[in-house]
Protein chains: 4
Amino acid sequence: MTKKNETVVLAYSGGLDTSCILKWLQLEGHRVIAYIADVGQEDDFDQVAENARKTGAVDVVIRDLKREFVTDYIFPAIAGNAVYEGRYLLGTSLARPVIALHQVAVAREAGATAVSHGATGKGNDQVRFELAYAALAPRLGVIAPWKIPEFYKKLAGRKDLIAFAKEHAIDIPVTLEKSFSTDENLMHRSYESGALEDPLHRPPDDMFTVCVDPRQAPDRETIIEVEFKDGVPVRVTDETGGREETDPYELFLLANALGRENGIGRIDIVENRFVGIKSRGVYETPGGTILHAALRDLEGIAMDKEVQRLRDMLAPKLAEIIYDGFWFSPEMDFLQGAIDKSRSLIDGKVRLALYKGNVTTIGRSSPSSLYDQELSSMDIEGGFDQADSEGFIRINALRLKAHRVILRKHGEAE
Amino acid sequence: MTKKNETVVLAYSGGLDTSCILKWLQLEGHRVIAYIADVGQEDDFDQVAENARKTGAVDVVIRDLKREFVTDYIFPAIAGNAVYEGRYLLGTSLARPVIALHQVAVAREAGATAVSHGATGKGNDQVRFELAYAALAPRLGVIAPWKIPEFYKKLAGRKDLIAFAKEHAIDIPVTLEKSFSTDENLMHRSYESGALEDPLHRPPDDMFTVCVDPRQAPDRETIIEVEFKDGVPVRVTDETGGREETDPYELFLLANALGRENGIGRIDIVENRFVGIKSRGVYETPGGTILHAALRDLEGIAMDKEVQRLRDMLAPKLAEIIYDGFWFSPEMDFLQGAIDKSRSLIDGKVRLALYKGNVTTIGRSSPSSLYDQELSSMDIEGGFDQADSEGFIRINALRLKAHRVILRKHGEAE
Amino acid sequence: MTKKNETVVLAYSGGLDTSCILKWLQLEGHRVIAYIADVGQEDDFDQVAENARKTGAVDVVIRDLKREFVTDYIFPAIAGNAVYEGRYLLGTSLARPVIALHQVAVAREAGATAVSHGATGKGNDQVRFELAYAALAPRLGVIAPWKIPEFYKKLAGRKDLIAFAKEHAIDIPVTLEKSFSTDENLMHRSYESGALEDPLHRPPDDMFTVCVDPRQAPDRETIIEVEFKDGVPVRVTDETGGREETDPYELFLLANALGRENGIGRIDIVENRFVGIKSRGVYETPGGTILHAALRDLEGIAMDKEVQRLRDMLAPKLAEIIYDGFWFSPEMDFLQGAIDKSRSLIDGKVRLALYKGNVTTIGRSSPSSLYDQELSSMDIEGGFDQADSEGFIRINALRLKAHRVILRKHGEAE
Amino acid sequence: MTKKNETVVLAYSGGLDTSCILKWLQLEGHRVIAYIADVGQEDDFDQVAENARKTGAVDVVIRDLKREFVTDYIFPAIAGNAVYEGRYLLGTSLARPVIALHQVAVAREAGATAVSHGATGKGNDQVRFELAYAALAPRLGVIAPWKIPEFYKKLAGRKDLIAFAKEHAIDIPVTLEKSFSTDENLMHRSYESGALEDPLHRPPDDMFTVCVDPRQAPDRETIIEVEFKDGVPVRVTDETGGREETDPYELFLLANALGRENGIGRIDIVENRFVGIKSRGVYETPGGTILHAALRDLEGIAMDKEVQRLRDMLAPKLAEIIYDGFWFSPEMDFLQGAIDKSRSLIDGKVRLALYKGNVTTIGRSSPSSLYDQELSSMDIEGGFDQADSEGFIRINALRLKAHRVILRKHGEAE
């Protein structure tokens, strides 16, 4: 599978797993470039880079992907109403392709012949990384130690990894205890496995680090306004707190801050992984939750009915494509072609009340509103004549009547 | 359109509109039977019946449809995840078919030749009533005064109706002022038109009569458990308050009480009416909101992934069918055939925290759980071998690689 | 509904109906501009124009839409695999929007305030015309005599129209006998009503005028090749007959000639009209049938699997949109956005054998082929290792196994 | 993966591959039961059984599955309009589940601990077999030699297999030359690989063994009638030849005979395998092609429009499920729940003309026809009033007008 003496670009987080992998790859005879992707996780990247070098990386590359993550991944997903299985806003799923895209670029620049990642062999992230590699660089080698028996049989558990780290003088402050695993980026923080594996067990209050507990959130509403242009947020205004941002990255940070302060965007679900396993996940997605709610509301007033129906039928498929790791795929391009049309002229402002975990839309206005308060102001020929409803209903009723007549004829209805 | 001297069964609410219609039908020469459907609205039905008689009804029929409404309409809609345009739980849409079904039955029993209703000519309810009549009794006449020019041109507004009522000594306590129109039943209360027509205008706090304002709700969580059998709720337990119900109707009342007390289920949206108009609606759906959230969560653990994907693609269509008034239709039967399969063995219990407007799922268990904590306890051949993921990913990646090669060949990718 | 003294642009065919309508509009006090759209029907347009003038048209406008019809309507419909109810290739449905588009343009140029057409009140074409008018010119008046009681009650049948024509010295060679109605354009000829109304009655051999009867077609195969670029035909080669065309219009004519000569493209169906009526239609679509078959085949080799699945799910909706008259609509734009992606790089050549009604694909090649004869020539990392199938199948099997275990546990399977 | 000394039930065809596998399994230490499934292939089953015993089978079980194949697999697939990628009628895909179902039953009866098959590691059949095993018997072992390196590396090609057969005195009349591989059953015969791998290469005339070449078929039409009850064929009448069958199995044989005689049901396509490879397949499906065409036509007259639309959207998914091997799956049950509704009351007779490869529907009648010749005979309230079309169209046009107004306002339309 994997030859020796390759130059390998490893997606390196500085955690126990990727540190051990870095060392292991080196021991296997590879030259390892540690690639550190900044997608908004709260890390000391200088320290992480330093650790990579100490562990044996021949080079370290840090890429700040935060802005690109917001504009090219988070916003399009929101514009497409991508919500996995009706609830999950895809925070991790959206970060993987941007990380992989730059990992491939780093590999190209460095003349590397393989890429590597530390995602496990039972999860979604391995699929997302490797499908992205396949789509972007079909000839690039992939080294996934958690699927290589020589690796995972030797380093079967946390205990083994810690022993391996000690043995190789890898400097990581870890303890044997770890009650769950987590992934963090600008969009969300996820929690899974460990104590969360029992789906009946409520996560402890102190697990959550992103949002304030709704019960500790302010006792008054925070009124905000979100403005969109073609389905993309262009302004977030905190009317209560007097803040406002228009830059994509800054407005997303503000949305996050507003969500965090008001305890917004926590969910606790059991979801279907692509590999056929059900998995319990807990997520905190403060800003994303607000923006999703705001856009959905604006669509109510500015999106054509039939477009919305088609889009709503396709949105679960879009979410599935993203979740399963097919961001870079022809089917994604296909759906995106339609969604780009659906978000055209979804312009306007939505007002929301944030309050102890609730995001409530309380008003909206749009320069492209299809809502007609007077049903006449649009100055279209005829307006709405209620007598038209008679023909409309009678024609819609025709086949129902015929159906009933047939059912009766066959004794299947009275 | 309408002959004289018919026996007409009028869906009578006792409000200004249907009172005037009752009288008008009588003046047109018809014998009017006032049909009063109890779907859980808070009315004094004896008083309503008395008023009908005074206004000229030759007979009054009151039907208690509450239990049937819960078991045959609300529960199936929840089991099918029917949510209109992603947000509206269809409270009014679900009540119309059960009302129409019994109206047709009353007409048959009384030998009536026509039915009548007071829904306006621009709304959804006229469609729902008349499509149901068409489907159930294709030969029955329909008198819809709000689409009959002789009626609606004479009684064009609220003022005219009040004058007409006075003229004909119809005894209704009405005032000229009415800031919105509303519909109430077991499932929800709706508010629309009037002051709500400006979609930017937030409804006043005192408009809401069903749920407590989230800001006034208790300062502590209420922990509840909902149990389902084949996707239908069979038990609601209020662990905090020590209440429990297993009867369908009683458990729905308890779910409603829990939702009301905790400010749950208020939404404010702009939706697409079937007649092509956008409309602003505000809704309070306390119990329905809780049960929807609970079932969605249980499906996470007990529903097959591919079934869920297909169901999620069809659920918007189911909601559309219900909203548009096609409850009694072959396409409804078609979808129901699938949904009846999808809810089989969706059994188990979901624990939820209710808190100031929030419904948070915090745990779930199921005797038909497909979630496997140990990934082995299921005792299936082989379990999950992470080496299998390699082949799985490689085969899924195959066409992505081929696609890239083709794009490159045509200069459309690097 | 309609005021007097309007300038009206009438879609005029020169037949009995539109001739009477022209006169009737004139008698109603309107100035009528006869608009004659050439979409490939076999008419003497000078004679038709002459008749229009004689019948009272203040002006006559002839537009040659043939080329535009082919490139902007027929080819996109083929590229989107638009086939109504699995069989009908939409010949009439595709012509209506291009006719309406130019009718509206003529109205604008002439300063007309209304448009008119002669389509009946029970059919699809009235809807197609009027929805196109609405979408393109929402303020333009529409005069549809077949829905105006003063017209259709007076001129209820063919006999009345002939009498009216005689009375007003309208010069049309008509007879009382007409065994069916028909519509003809470049794409197809349709036959319906009259003797065809009995769906069990086989149309007489002499009804068909477009294609030779398969039984009279040549006794040997005609071998042809169709070349596509981005899903659009760019060359048709008749290898047997030694003909070849690359111009869009000319190649479509050649495809038609090939189909006609070989008895290709006749169907006899019962279809669902938009107005809720079922209708029997017989169609001859020679060239369209060939091009549809050729493109479908090319997609087999050049279209990504998942794109094809999504497209195939949406294609019936696309056909419905076209059939129902929503060519100019936001939902059409939405679908078109996706389809434009799906036809990208659908390049290559398909060889077909035409023989007595059969269109058989017998070979295909594509510069963007995703078919890999050797499963290795693509030079993608790894190729196809059959051992990968093991993991692929095992992971796909996982949820089936879990499902079975649950069914057994509940006594629903052995 | 596989232990020694198991009792293994091998799906045995008597061909070179499964004969070698039988012997190999025996050499590996297993007790092999040869399971021979009769799904209508033209074999001398006594001879095949004799060969199995000679090759070392400890037992031989022959199961006649022909009738079950027709009633429980072929007919439901036709009723659901299951056509893969628009063209392939799934002949092989439908046979696999019934073969697997009985293989598992044989294994249970014999106390076997594993099943085995001879399908290759790059094809669809391995998936179909193994997913069926997984769904029906999640704990049963599976031995798939074509994915076991010790087997397929040793017996890499046809030449090796022949040498192995000779070495072990396996008596099979084979030659080194084999220009394609084939699969035959009641529904169809398939041809693939070998000389067919070049998708541009037309198959030689003498390859086809099922249907007469259309050019050799009779010079006159054969007129037949197919009668359905609830979407299932219940009678096939050959009016020209004077034959008629009502038994499911016999009528399918008659349909096959009619198709074979008239050169019906040959296709030549490139399709997408589940494992991500494109593959060229040539098929002959005589009776299935006729029955599909007949039912589609009957649906035109007897199926509700909206049901047909939903069914048409789901039919490609149904075909995909069958093709990919998920016959025994919860998603199949889900779709089947809907399809069972859609085929209710699809009753009636379809007349067809068969002629040199063409299946042309020429008439149909149905006791549950929704087609109304007179638009009044149905005796439904009101019939069709063309004035109703006015309101119907105006209401449908409303949102198109509003959309245009908005486009203009934003300078995106004139």
# chains A, B, ... in the order shown; residues from 1 in each chain; ligands from 1
$ interface_residues --of "chain C" --to "chain D" --cutoff "7 Å" --atoms "only C-alpha atoms" --output "number ranges by chain"
C: 121-122, 127, 131, 134-136, 138, 147, 197-202, 268-272, 278-279, 297, 300-301, 305, 312-313, 316, 329, 357-358, 361-365, 370-371, 373, 386-387, 389-390, 393, 397, 400-401, 404
$ write_last_selection --atoms "C-alpha atoms" --output "PDB file, in the first residue's frame"
ATOM      1  CA  GLY C 121     -61.033  26.118 -22.648  1.00  0.00           C
ATOM      2  CA  LYS C 122     -60.423  22.482 -21.817  1.00  0.00           C
ATOM      3  CA  VAL C 127     -52.689  27.438 -20.196  1.00  0.00           C
ATOM      4  CA  LEU C 131     -48.955  31.492 -18.435  1.00  0.00           C
ATOM      5  CA  ALA C 134     -48.395  36.342 -17.619  1.00  0.00           C
ATOM      6  CA  ALA C 135     -44.724  35.613 -17.095  1.00  0.00           C
ATOM      7  CA  LEU C 136     -43.505  37.839 -19.911  1.00  0.00           C
ATOM      8  CA  PRO C 138     -47.916  40.709 -16.533  1.00  0.00           C
ATOM      9  CA  LYS C 147     -63.514  31.007 -22.327  1.00  0.00           C
ATOM     10  CA  GLU C 197     -61.677   9.928 -28.451  1.00  0.00           C
ATOM     11  CA  ASP C 198     -62.422   6.264 -28.046  1.00  0.00           C
ATOM     12  CA  PRO C 199     -59.118   5.134 -26.541  1.00  0.00           C
ATOM     13  CA  LEU C 200     -59.713   1.602 -27.753  1.00  0.00           C
ATOM     14  CA  HIS C 201     -60.066   2.678 -31.376  1.00  0.00           C
ATOM     15  CA  ARG C 202     -56.854   2.304 -33.373  1.00  0.00           C
ATOM     16  CA  ASP C 268     -50.436   6.489 -29.089  1.00  0.00           C
ATOM     17  CA  ILE C 269     -51.094   7.358 -25.455  1.00  0.00           C
ATOM     18  CA  VAL C 270     -53.559   8.595 -22.866  1.00  0.00           C
ATOM     19  CA  GLU C 271     -52.032  11.528 -21.015  1.00  0.00           C
ATOM     20  CA  ASN C 272     -52.938  13.821 -18.127  1.00  0.00           C
ATOM     21  CA  LYS C 278     -57.168  12.653 -19.248  1.00  0.00           C
ATOM     22  CA  SER C 279     -56.781  12.927 -22.992  1.00  0.00           C
ATOM     23  CA  ASP C 297     -27.088   6.492 -24.834  1.00  0.00           C
ATOM     24  CA  GLY C 300     -24.554   6.179 -20.332  1.00  0.00           C
ATOM     25  CA  ILE C 301     -20.893   6.495 -21.139  1.00  0.00           C
ATOM     26  CA  LYS C 305     -23.639   8.095 -12.065  1.00  0.00           C
ATOM     27  CA  ASP C 312     -33.435  11.197 -13.718  1.00  0.00           C
ATOM     28  CA  MET C 313     -35.367  12.043 -10.576  1.00  0.00           C
ATOM     29  CA  PRO C 316     -40.202  14.054 -14.997  1.00  0.00           C
ATOM     30  CA  SER C 329     -40.887  30.443 -14.648  1.00  0.00           C
ATOM     31  CA  GLY C 357     -39.795   2.035 -36.489  1.00  0.00           C
ATOM     32  CA  ASN C 358     -36.854   0.918 -34.347  1.00  0.00           C
ATOM     33  CA  THR C 361     -28.117   2.271 -30.398  1.00  0.00           C
ATOM     34  CA  ILE C 362     -25.300   0.078 -31.618  1.00  0.00           C
ATOM     35  CA  GLY C 363     -22.148   1.864 -30.515  1.00  0.00           C
ATOM     36  CA  ARG C 364     -20.815   5.002 -28.886  1.00  0.00           C
ATOM     37  CA  SER C 365     -17.547   6.784 -28.242  1.00  0.00           C
ATOM     38  CA  LEU C 370     -16.003   7.617 -17.969  1.00  0.00           C
ATOM     39  CA  TYR C 371     -16.099   4.061 -19.247  1.00  0.00           C
ATOM     40  CA  GLN C 373     -12.218  -0.580 -20.985  1.00  0.00           C
ATOM     41  CA  GLN C 386     -11.494  -6.516  -6.258  1.00  0.00           C
ATOM     42  CA  ALA C 387     -10.497  -6.933  -2.641  1.00  0.00           C
ATOM     43  CA  SER C 389     -15.333  -4.860  -2.926  1.00  0.00           C
ATOM     44  CA  GLU C 390     -15.235  -6.863   0.252  1.00  0.00           C
ATOM     45  CA  ILE C 393     -20.124  -4.753   0.509  1.00  0.00           C
ATOM     46  CA  ALA C 397     -24.498  -4.743   4.477  1.00  0.00           C
ATOM     47  CA  LEU C 400     -29.240  -4.606   6.636  1.00  0.00           C
ATOM     48  CA  LYS C 401     -27.857  -6.999   9.218  1.00  0.00           C
ATOM     49  CA  ARG C 404     -32.732  -8.109  10.446  1.00  0.00           C
TER      50      ARG C 404
END
$ residues_around --residues "Phe151 (chain B)" --least-positions-apart "6" --cutoff "9 Å" --atoms "only C-alpha atoms" --output "list in words"
Ile21, Trp24 and Pro145 of chain B
$ write_last_selection --atoms "all heavy atoms" --output "tab-separated table (two decimals), in the first residue's frame"
chain	number	residue	atom	x	y	z
B	21	ILE	N	-73.94	34.27	7.13
B	21	ILE	CA	-74.16	33.32	6.03
B	21	ILE	C	-75.40	32.47	6.29
B	21	ILE	O	-76.21	32.23	5.39
B	21	ILE	CB	-72.89	32.44	5.84
B	21	ILE	CG1	-71.78	33.28	5.20
B	21	ILE	CG2	-73.20	31.23	4.98
B	21	ILE	CD1	-70.43	32.61	5.16
B	24	TRP	N	-78.25	34.54	5.47
B	24	TRP	CA	-78.31	34.81	4.03
B	24	TRP	C	-78.82	33.59	3.25
B	24	TRP	O	-79.64	33.69	2.35
B	24	TRP	CB	-76.92	35.23	3.53
B	24	TRP	CG	-76.86	35.58	2.08
B	24	TRP	CD1	-77.24	36.75	1.49
B	24	TRP	CD2	-76.41	34.72	1.01
B	24	TRP	NE1	-77.04	36.69	0.13
B	24	TRP	CE2	-76.53	35.46	-0.19
B	24	TRP	CE3	-75.93	33.42	0.96
B	24	TRP	CZ2	-76.18	34.92	-1.44
B	24	TRP	CZ3	-75.57	32.89	-0.27
B	24	TRP	CH2	-75.69	33.64	-1.46
B	145	PRO	N	-70.41	31.30	-0.07
B	145	PRO	CA	-70.85	32.69	-0.26
B	145	PRO	C	-69.72	33.67	-0.54
B	145	PRO	O	-69.89	34.61	-1.31
B	145	PRO	CB	-71.56	33.01	1.05
B	145	PRO	CG	-72.03	31.69	1.55
B	145	PRO	CD	-70.97	30.72	1.15
$ residues_around --residues "Leu140 (chain B)" --least-positions-apart "5" --cutoff "9 Å" --atoms "only C-alpha atoms" --output "NGL selection string"
(:B and (104 or 107 or 112-115 or 133-134)) or (:D and (380-381))
$ write_last_selection --atoms "all heavy atoms" --output "mmCIF file, in the first residue's frame"
data_model
loop_
_atom_site.group_PDB
_atom_site.id
_atom_site.type_symbol
_atom_site.label_atom_id
_atom_site.label_comp_id
_atom_site.auth_asym_id
_atom_site.auth_seq_id
_atom_site.Cartn_x
_atom_site.Cartn_y
_atom_site.Cartn_z
ATOM 1 N N VAL B 104 -70.066 16.184 5.665
ATOM 2 C CA VAL B 104 -70.637 15.367 4.592
ATOM 3 C C VAL B 104 -71.520 14.275 5.175
ATOM 4 O O VAL B 104 -72.610 13.984 4.642
ATOM 5 C CB VAL B 104 -69.487 14.779 3.731
ATOM 6 C CG1 VAL B 104 -69.988 13.636 2.865
ATOM 7 C CG2 VAL B 104 -68.859 15.873 2.881
ATOM 8 N N ALA B 107 -74.724 15.769 6.193
ATOM 9 C CA ALA B 107 -75.518 16.053 4.991
ATOM 10 C C ALA B 107 -76.206 14.790 4.495
ATOM 11 O O ALA B 107 -77.391 14.802 4.140
ATOM 12 C CB ALA B 107 -74.619 16.646 3.894
ATOM 13 N N ALA B 112 -79.444 16.220 2.891
ATOM 14 C CA ALA B 112 -79.172 17.554 2.340
ATOM 15 C C ALA B 112 -78.559 17.428 0.949
ATOM 16 O O ALA B 112 -77.919 16.422 0.618
ATOM 17 C CB ALA B 112 -78.217 18.311 3.262
ATOM 18 N N THR B 113 -78.727 18.427 0.144
ATOM 19 C CA THR B 113 -78.194 18.403 -1.219
ATOM 20 C C THR B 113 -77.002 19.333 -1.390
ATOM 21 O O THR B 113 -76.398 19.375 -2.447
ATOM 22 C CB THR B 113 -79.272 18.815 -2.227
ATOM 23 O OG1 THR B 113 -79.832 20.059 -1.796
ATOM 24 C CG2 THR B 113 -80.358 17.754 -2.323
ATOM 25 N N ALA B 114 -76.695 20.078 -0.350
ATOM 26 C CA ALA B 114 -75.551 20.983 -0.462
ATOM 27 C C ALA B 114 -74.903 21.188 0.905
ATOM 28 O O ALA B 114 -75.534 20.992 1.953
ATOM 29 C CB ALA B 114 -75.960 22.331 -1.046
ATOM 30 N N VAL B 115 -73.631 21.565 0.851
ATOM 31 C CA VAL B 115 -72.923 21.977 2.057
ATOM 32 C C VAL B 115 -72.414 23.394 1.835
ATOM 33 O O VAL B 115 -72.306 23.861 0.703
ATOM 34 C CB VAL B 115 -71.736 21.041 2.384
ATOM 35 C CG1 VAL B 115 -72.225 19.715 2.942
ATOM 36 C CG2 VAL B 115 -70.869 20.821 1.153
ATOM 37 N N TYR B 133 -64.908 18.005 0.252
ATOM 38 C CA TYR B 133 -66.271 17.700 -0.222
ATOM 39 C C TYR B 133 -66.209 16.937 -1.548
ATOM 40 O O TYR B 133 -66.927 15.955 -1.753
ATOM 41 C CB TYR B 133 -67.081 18.984 -0.458
ATOM 42 C CG TYR B 133 -67.260 19.915 0.718
ATOM 43 C CD1 TYR B 133 -67.465 21.286 0.497
ATOM 44 C CD2 TYR B 133 -67.245 19.458 2.039
ATOM 45 C CE1 TYR B 133 -67.650 22.175 1.540
ATOM 46 C CE2 TYR B 133 -67.417 20.356 3.101
ATOM 47 C CZ TYR B 133 -67.613 21.715 2.845
ATOM 48 O OH TYR B 133 -67.787 22.594 3.884
ATOM 49 N N ALA B 134 -65.393 17.450 -2.463
ATOM 50 C CA ALA B 134 -65.306 16.843 -3.799
ATOM 51 C C ALA B 134 -64.870 15.389 -3.705
ATOM 52 O O ALA B 134 -65.415 14.510 -4.374
ATOM 53 C CB ALA B 134 -64.322 17.621 -4.672
ATOM 54 N N ILE D 380 -70.448 13.615 -12.253
ATOM 55 C CA ILE D 380 -69.952 14.324 -11.088
ATOM 56 C C ILE D 380 -70.469 15.745 -11.144
ATOM 57 O O ILE D 380 -70.704 16.292 -12.220
ATOM 58 C CB ILE D 380 -68.409 14.303 -10.995
ATOM 59 C CG1 ILE D 380 -67.778 14.752 -12.303
ATOM 60 C CG2 ILE D 380 -67.935 12.924 -10.616
ATOM 61 C CD1 ILE D 380 -66.262 14.744 -12.282
ATOM 62 N N GLU D 381 -70.633 16.301 -9.995
ATOM 63 C CA GLU D 381 -71.252 17.609 -9.874
ATOM 64 C C GLU D 381 -70.533 18.623 -10.759
ATOM 65 O O GLU D 381 -69.361 18.899 -10.579
ATOM 66 C CB GLU D 381 -71.226 18.057 -8.409
ATOM 67 C CG GLU D 381 -72.271 19.072 -8.012
ATOM 68 C CD GLU D 381 -71.883 20.475 -8.428
ATOM 69 O OE1 GLU D 381 -70.709 20.854 -8.219
ATOM 70 O OE2 GLU D 381 -72.763 21.190 -8.969
#
$ residues_around --residues "Ala110 (chain D)" --least-positions-apart "2" --cutoff "12 Å" --atoms "only C-alpha atoms" --output "list in words"
Glu6, Thr7, Val8, Val9, Arg31, Val32, Ile33, Ala34, Tyr35, Val58, Asp59, Val60, Val61, Gln103, Val104, Ala105, Val106, Ala107, Arg108, Ala112, Thr113, Ala114 and Val115 of chain D
$ write_last_selection --atoms "N, CA and C atoms" --output "mmCIF file, in the first residue's frame"
data_model
loop_
_atom_site.group_PDB
_atom_site.id
_atom_site.type_symbol
_atom_site.label_atom_id
_atom_site.label_comp_id
_atom_site.auth_asym_id
_atom_site.auth_seq_id
_atom_site.Cartn_x
_atom_site.Cartn_y
_atom_site.Cartn_z
ATOM 1 N N GLU D 6 -16.093 -26.196 7.215
ATOM 2 C CA GLU D 6 -17.460 -25.723 7.268
ATOM 3 C C GLU D 6 -18.316 -26.511 6.284
ATOM 4 N N THR D 7 -19.624 -26.496 6.565
ATOM 5 C CA THR D 7 -20.543 -26.970 5.539
ATOM 6 C C THR D 7 -20.994 -25.725 4.771
ATOM 7 N N VAL D 8 -20.719 -25.750 3.468
ATOM 8 C CA VAL D 8 -20.925 -24.562 2.641
ATOM 9 C C VAL D 8 -21.948 -24.875 1.558
ATOM 10 N N VAL D 9 -22.935 -23.968 1.411
ATOM 11 C CA VAL D 9 -23.876 -24.114 0.295
ATOM 12 C C VAL D 9 -23.427 -23.198 -0.830
ATOM 13 N N ARG D 31 -17.096 -29.059 3.414
ATOM 14 C CA ARG D 31 -18.107 -29.955 2.849
ATOM 15 C C ARG D 31 -19.020 -29.070 2.006
ATOM 16 N N VAL D 32 -19.108 -29.329 0.712
ATOM 17 C CA VAL D 32 -19.839 -28.435 -0.180
ATOM 18 C C VAL D 32 -21.160 -29.052 -0.636
ATOM 19 N N ILE D 33 -22.236 -28.303 -0.398
ATOM 20 C CA ILE D 33 -23.539 -28.675 -0.959
ATOM 21 C C ILE D 33 -23.746 -27.830 -2.213
ATOM 22 N N ALA D 34 -23.953 -28.494 -3.343
ATOM 23 C CA ALA D 34 -24.182 -27.741 -4.587
ATOM 24 C C ALA D 34 -25.662 -27.401 -4.677
ATOM 25 N N TYR D 35 -25.906 -26.091 -4.767
ATOM 26 C CA TYR D 35 -27.298 -25.616 -4.835
ATOM 27 C C TYR D 35 -27.540 -25.094 -6.248
ATOM 28 N N VAL D 58 -21.013 -32.939 -1.573
ATOM 29 C CA VAL D 58 -21.536 -33.949 -0.654
ATOM 30 C C VAL D 58 -23.037 -34.086 -0.836
ATOM 31 N N ASP D 59 -23.638 -33.072 -1.381
ATOM 32 C CA ASP D 59 -25.077 -33.139 -1.652
ATOM 33 C C ASP D 59 -25.401 -32.150 -2.770
ATOM 34 N N VAL D 60 -26.506 -32.395 -3.444
ATOM 35 C CA VAL D 60 -26.950 -31.499 -4.507
ATOM 36 C C VAL D 60 -28.419 -31.181 -4.274
ATOM 37 N N VAL D 61 -28.747 -29.901 -4.302
ATOM 38 C CA VAL D 61 -30.145 -29.505 -4.132
ATOM 39 C C VAL D 61 -30.550 -28.679 -5.341
ATOM 40 N N GLN D 103 -31.099 -20.151 -1.328
ATOM 41 C CA GLN D 103 -29.775 -20.627 -0.919
ATOM 42 C C GLN D 103 -29.659 -20.569 0.606
ATOM 43 N N VAL D 104 -30.120 -19.489 1.166
ATOM 44 C CA VAL D 104 -30.104 -19.340 2.621
ATOM 45 C C VAL D 104 -30.995 -20.391 3.267
ATOM 46 N N ALA D 105 -32.154 -20.654 2.640
ATOM 47 C CA ALA D 105 -33.058 -21.667 3.187
ATOM 48 C C ALA D 105 -32.397 -23.049 3.159
ATOM 49 N N VAL D 106 -31.713 -23.342 2.044
ATOM 50 C CA VAL D 106 -31.008 -24.619 1.942
ATOM 51 C C VAL D 106 -29.929 -24.711 3.019
ATOM 52 N N ALA D 107 -29.237 -23.614 3.219
ATOM 53 C CA ALA D 107 -28.190 -23.595 4.246
ATOM 54 C C ALA D 107 -28.783 -23.884 5.621
ATOM 55 N N ARG D 108 -29.908 -23.259 5.901
ATOM 56 C CA ARG D 108 -30.558 -23.487 7.197
ATOM 57 C C ARG D 108 -30.965 -24.939 7.374
ATOM 58 N N ALA D 112 -25.819 -25.664 7.411
ATOM 59 C CA ALA D 112 -24.555 -25.124 6.896
ATOM 60 C C ALA D 112 -24.205 -23.831 7.632
ATOM 61 N N THR D 113 -22.926 -23.518 7.692
ATOM 62 C CA THR D 113 -22.491 -22.304 8.385
ATOM 63 C C THR D 113 -22.028 -21.226 7.420
ATOM 64 N N ALA D 114 -21.996 -21.573 6.128
ATOM 65 C CA ALA D 114 -21.576 -20.563 5.153
ATOM 66 C C ALA D 114 -22.239 -20.812 3.812
ATOM 67 N N VAL D 115 -22.294 -19.713 3.032
ATOM 68 C CA VAL D 115 -22.752 -19.821 1.651
ATOM 69 C C VAL D 115 -21.626 -19.289 0.762
#
$ residues_around --residues "region 241-245 of chain D" --least-positions-apart "3" --cutoff "10 Å" --atoms "only C-alpha atoms" --output "list in words"
Thr222, Ile223, Ile224, Glu225, Val226, Val234, Arg235, Val236, Thr237, Asp238, Pro248, Tyr249, Glu250, Leu251, Phe252, Leu253, Leu254, Ala255 and Leu258 of chain D
